[in-house]
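A.B. asks: Handing you a structure now.
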Amino acid sequence: TLDAGRHPTPDTYLEARAALGPTESARRLLHAAAIDSCFVDTGLETAAGAPLLDLPAFAALSGTRVREVIRLEHVAQQAATTSTAAHWGETTRTAIAEAVRAADAIAVKSVLAYRHGLDIDPARPAPAEVAHAAGEHLAEAARSGNPRLNHPTLLRHLLWTAVDLGLPIQIHTGFGDPDLTLHRADPSLLTDFIRAVEPHGTPLVLLHCYPYHRQAAWLAQAFPHVYCDVGLTLSYTGPAAPRLLAETLELAPFGKVLFSTDAYGIPELHLVGATAFRDAITRWTHDAGLRPAEAARIADLIGAANATRLYTQAPLRP
């Protein structure tokens with residue numbers, strides 16, 4: 001892809017990359033991933049201190065169709081900087097709805113696992129609870145100078161705000177960066193919340209999931225509005241990826257599992273994520289003894305069709 005040979009040393013690879021320059025190397029890597037559409041979480045704006053491409057620039061460079069995913073905590077944190085505690089709930093609700101409509105977003109995302117953990121009270125908080133929690137949050141932010149939103153009541157308010165919108169809600173589960181406490185990112189901790197959301201019909205997409213991929217697969221099997229994603233898991237687990245995909249598919253219906261790369265920062269991650277998925281699904285369908293037509297159908301469902309059906313048909317409620 002970068003004219004560095006089939007099995008370059010790290011130094012040779014970096015030299016070839018530098019010779020092409022960042023724009024051309026990124027373009028080649030992104031095109032080599034052969035991804036048709038990218039759904040991008042815009043809650044992060046920098047990587048290692050460098051600004052990330054905005055969505056139009058990324059679309060132009062990658063040649064993909066790009067749609068936005070709104071990160072709940074990011075929007076709420078920005079919107080509430082001048083809000084009083086009494087109006088915090090309505091301010092954030094309005095800001096999220098406006099952000100979704102302005103971006104024509106196809107989903108929203110929560111990083112509850114990073115901010116508190118998935119072991120939350122599943123009930124919708126009352127307005128008085130939100131106002132009281134906002135008072136505590138604003139007082140702590142003023143004292144510490146840190147506006148990071150991590151109050152569990154306010155995080156629940158954001159989730160229920162998203163439920164009311166009706167768009168798919170992506171929820172980070174499983175492993176991630178060091179500021180996450182892993183055992184509190186087990187998706188099974190969300191079971192009561194999942195039950196509470198079921199009557200509303202809002203889709204919940206459990207992202208990444210590893211090492212709790214079997215729990216996520218069971219949730220996707222047990223609840224009609226729950227889906228699970230194998231992004232990040234396959235690209236981080238190398239030779240074990242086919243086995244972990246197989247373990248997910250032990251329970252999760254073929255129509256409820258979604259491919260993604262979770263690529264962030266460097267374009268290589270797009271290619272690595274796409275390649276890891278293609279290798280894993282090829283190995284799994286071979287080991288399962290599927291006929292070519294069956295294998296192609298399942299690969300298409302997980303690789304594209306499930307996401308197309310889920311994300312492009314979800315209604316945005318007024």
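A note on labels: chains of the structure tokens are A, B, ... as shown, every chain counts residues from 1, and ligands are counted from 1 in their shown order.
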May I have all residues of range 107-298 of chain A that DSSP, computed from the backbone, assigns to strand (DSSP E), given as a PyMOL selection string?
C.D. replies: chain A and resi 107-110+169-173+204-208+226-229+257-258
A.B. asks: Excluding range 222-231 of chain A and any residue of its chain fewer than 6 positions from it, enumerate the residues within 10 Å of it, using only C-alpha atoms, and give them as a count of residues only.
C.D. replies: 51
A.B. asks: Kindly provide the residues of range 123-212 of chain A that approach range 67-77 of chain A to within 10 Å, each paired with its closest atom pair and their distance in Å to one decimal, based on only C-alpha atoms, listed by chain and increasing number, as JSON lines.
C.D. replies:
```
{"residue": "A:Pro147", "atom": "CA", "partner": "A:Gln77", "partner_atom": "CA", "distance": 7.1}
{"residue": "A:Arg148", "atom": "CA", "partner": "A:Gln77", "partner_atom": "CA", "distance": 7.2}
{"residue": "A:Leu149", "atom": "CA", "partner": "A:Gln77", "partner_atom": "CA", "distance": 6.4}
{"residue": "A:Asn150", "atom": "CA", "partner": "A:Glu73", "partner_atom": "CA", "distance": 8.9}
{"residue": "A:Leu154", "atom": "CA", "partner": "A:Glu73", "partner_atom": "CA", "distance": 9.5}
{"residue": "A:Leu155", "atom": "CA", "partner": "A:Glu73", "partner_atom": "CA", "distance": 7.6}
{"residue": "A:Leu158", "atom": "CA", "partner": "A:Leu72", "partner_atom": "CA", "distance": 6.5}
{"residue": "A:Leu159", "atom": "CA", "partner": "A:Leu72", "partner_atom": "CA", "distance": 7.9}
{"residue": "A:Thr161", "atom": "CA", "partner": "A:Leu72", "partner_atom": "CA", "distance": 9.2}
{"residue": "A:Ala162", "atom": "CA", "partner": "A:Leu72", "partner_atom": "CA", "distance": 8.0}
{"residue": "A:Pro168", "atom": "CA", "partner": "A:Val69", "partner_atom": "CA", "distance": 9.7}
{"residue": "A:Ile169", "atom": "CA", "partner": "A:Val69", "partner_atom": "CA", "distance": 9.3}
{"residue": "A:Gln170", "atom": "CA", "partner": "A:Val69", "partner_atom": "CA", "distance": 8.8}
{"residue": "A:Ile171", "atom": "CA", "partner": "A:Arg71", "partner_atom": "CA", "distance": 10.0}
```
A.B. asks: Find the residues around range 264-267 of chain A up to 8 Å (only C-alpha atoms counted), leave out those fewer than 3 positions away in its own chain, and share them as JSON, numbers by chain.
C.D. replies: {"A": [26, 29, 30, 46, 47, 52, 270, 271]}
A.B. asks: Given the selection you just returned, output its residues as a file containing N, CA, C and O atoms, formatted as a PDB file, in the first residue's frame.
C.D. replies:
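That gives us part_28.pdb:
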```
ATOM      1  N   ALA A  26      -2.139   8.563   4.168  1.00  0.00           N
ATOM      2  CA  ALA A  26      -3.477   8.376   4.740  1.00  0.00           C
ATOM      3  C   ALA A  26      -4.486   8.011   3.655  1.00  0.00           C
ATOM      4  O   ALA A  26      -5.325   7.118   3.842  1.00  0.00           O
ATOM      5  N   LEU A  29      -3.960   4.327   2.660  1.00  0.00           N
ATOM      6  CA  LEU A  29      -4.384   3.396   3.711  1.00  0.00           C
ATOM      7  C   LEU A  29      -5.902   3.339   3.831  1.00  0.00           C
ATOM      8  O   LEU A  29      -6.493   2.259   3.971  1.00  0.00           O
ATOM      9  N   LEU A  30      -6.548   4.496   3.777  1.00  0.00           N
ATOM     10  CA  LEU A  30      -8.001   4.532   3.890  1.00  0.00           C
ATOM     11  C   LEU A  30      -8.668   3.850   2.703  1.00  0.00           C
ATOM     12  O   LEU A  30      -9.647   3.107   2.863  1.00  0.00           O
ATOM     13  N   THR A  46      -9.130  15.606  19.055  1.00  0.00           N
ATOM     14  CA  THR A  46      -7.675  15.548  18.911  1.00  0.00           C
ATOM     15  C   THR A  46      -7.183  14.131  19.181  1.00  0.00           C
ATOM     16  O   THR A  46      -7.861  13.332  19.836  1.00  0.00           O
ATOM     17  N   ALA A  47      -5.990  13.832  18.673  1.00  0.00           N
ATOM     18  CA  ALA A  47      -5.299  12.578  18.975  1.00  0.00           C
ATOM     19  C   ALA A  47      -3.843  12.911  19.243  1.00  0.00           C
ATOM     20  O   ALA A  47      -3.179  13.523  18.398  1.00  0.00           O
ATOM     21  N   LEU A  52      -7.936  16.223  14.818  1.00  0.00           N
ATOM     22  CA  LEU A  52      -8.441  15.234  13.877  1.00  0.00           C
ATOM     23  C   LEU A  52      -9.090  15.937  12.687  1.00  0.00           C
ATOM     24  O   LEU A  52      -9.540  17.080  12.793  1.00  0.00           O
ATOM     25  N   HIS A 270      -7.854   1.907  10.382  1.00  0.00           N
ATOM     26  CA  HIS A 270      -8.966   1.550   9.503  1.00  0.00           C
ATOM     27  C   HIS A 270      -8.647   0.275   8.732  1.00  0.00           C
ATOM     28  O   HIS A 270      -9.473  -0.639   8.639  1.00  0.00           O
ATOM     29  N   LEU A 271      -7.438   0.215   8.191  1.00  0.00           N
ATOM     30  CA  LEU A 271      -7.037  -0.952   7.413  1.00  0.00           C
ATOM     31  C   LEU A 271      -6.884  -2.182   8.300  1.00  0.00           C
ATOM     32  O   LEU A 271      -7.316  -3.289   7.936  1.00  0.00           O
TER      33      LEU A 271
END
```
A.B. asks: Kindly indicate which residue among A:Ile298, A:His7, A:Ser62, A:Leu55 lies nearest to Thr23 in chain A, using only C-alpha atoms for the distances.
C.D. replies: A:Ser62
A.B. asks: What separation in Å, quoted to one decimal, exists between CA of Gly63 in chain A and CA of Ile281 in chain A?
C.D. replies: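 Between these atoms lies a distance of 24.4 Å.
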A.B. asks: Given only C-alpha atoms as the basis, pick out the residue of A:Leu301, A:Ala293, A:Trp88, A:Glu268 nearest to Phe254 in chain A.
C.D. replies: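 Nearest to Phe254 in chain A: A:Leu301.
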A.B. asks: Taking only C-alpha atoms into account, name the residue in A:Val66, A:Leu269, A:Asp164, A:Arg278 that is nearest to Thr94 in chain A.
C.D. replies: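 The shortest atom-to-atom distance to Thr94 in chain A comes from A:Asp164.
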A.B. asks: Might you pull out every residue within 9 Å of Arg317 in chain A, with only C-alpha atoms counted and same-chain residues fewer than 3 positions away left off, and present them as a ChimeraX atom specification?
C.D. replies: /A:164-167
A.B. asks: Pick from A:Ala34, A:Ala99, A:Val111, A:Leu249: nearest to Arg214 in chain A, with only C-alpha atoms counted?
C.D. replies: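 Comparing A:Ala34, A:Ala99, A:Val111, A:Leu249 against Arg214 in chain A, the winner is A:Leu249.
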A.B. asks: Find the distance between CA of His157 in chain A and CA of Pro125 in chain A and write it in Å to one decimal.
C.D. replies: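 Result for CA of His157 in chain A versus CA of Pro125 in chain A: 6.2 Å, one decimal.
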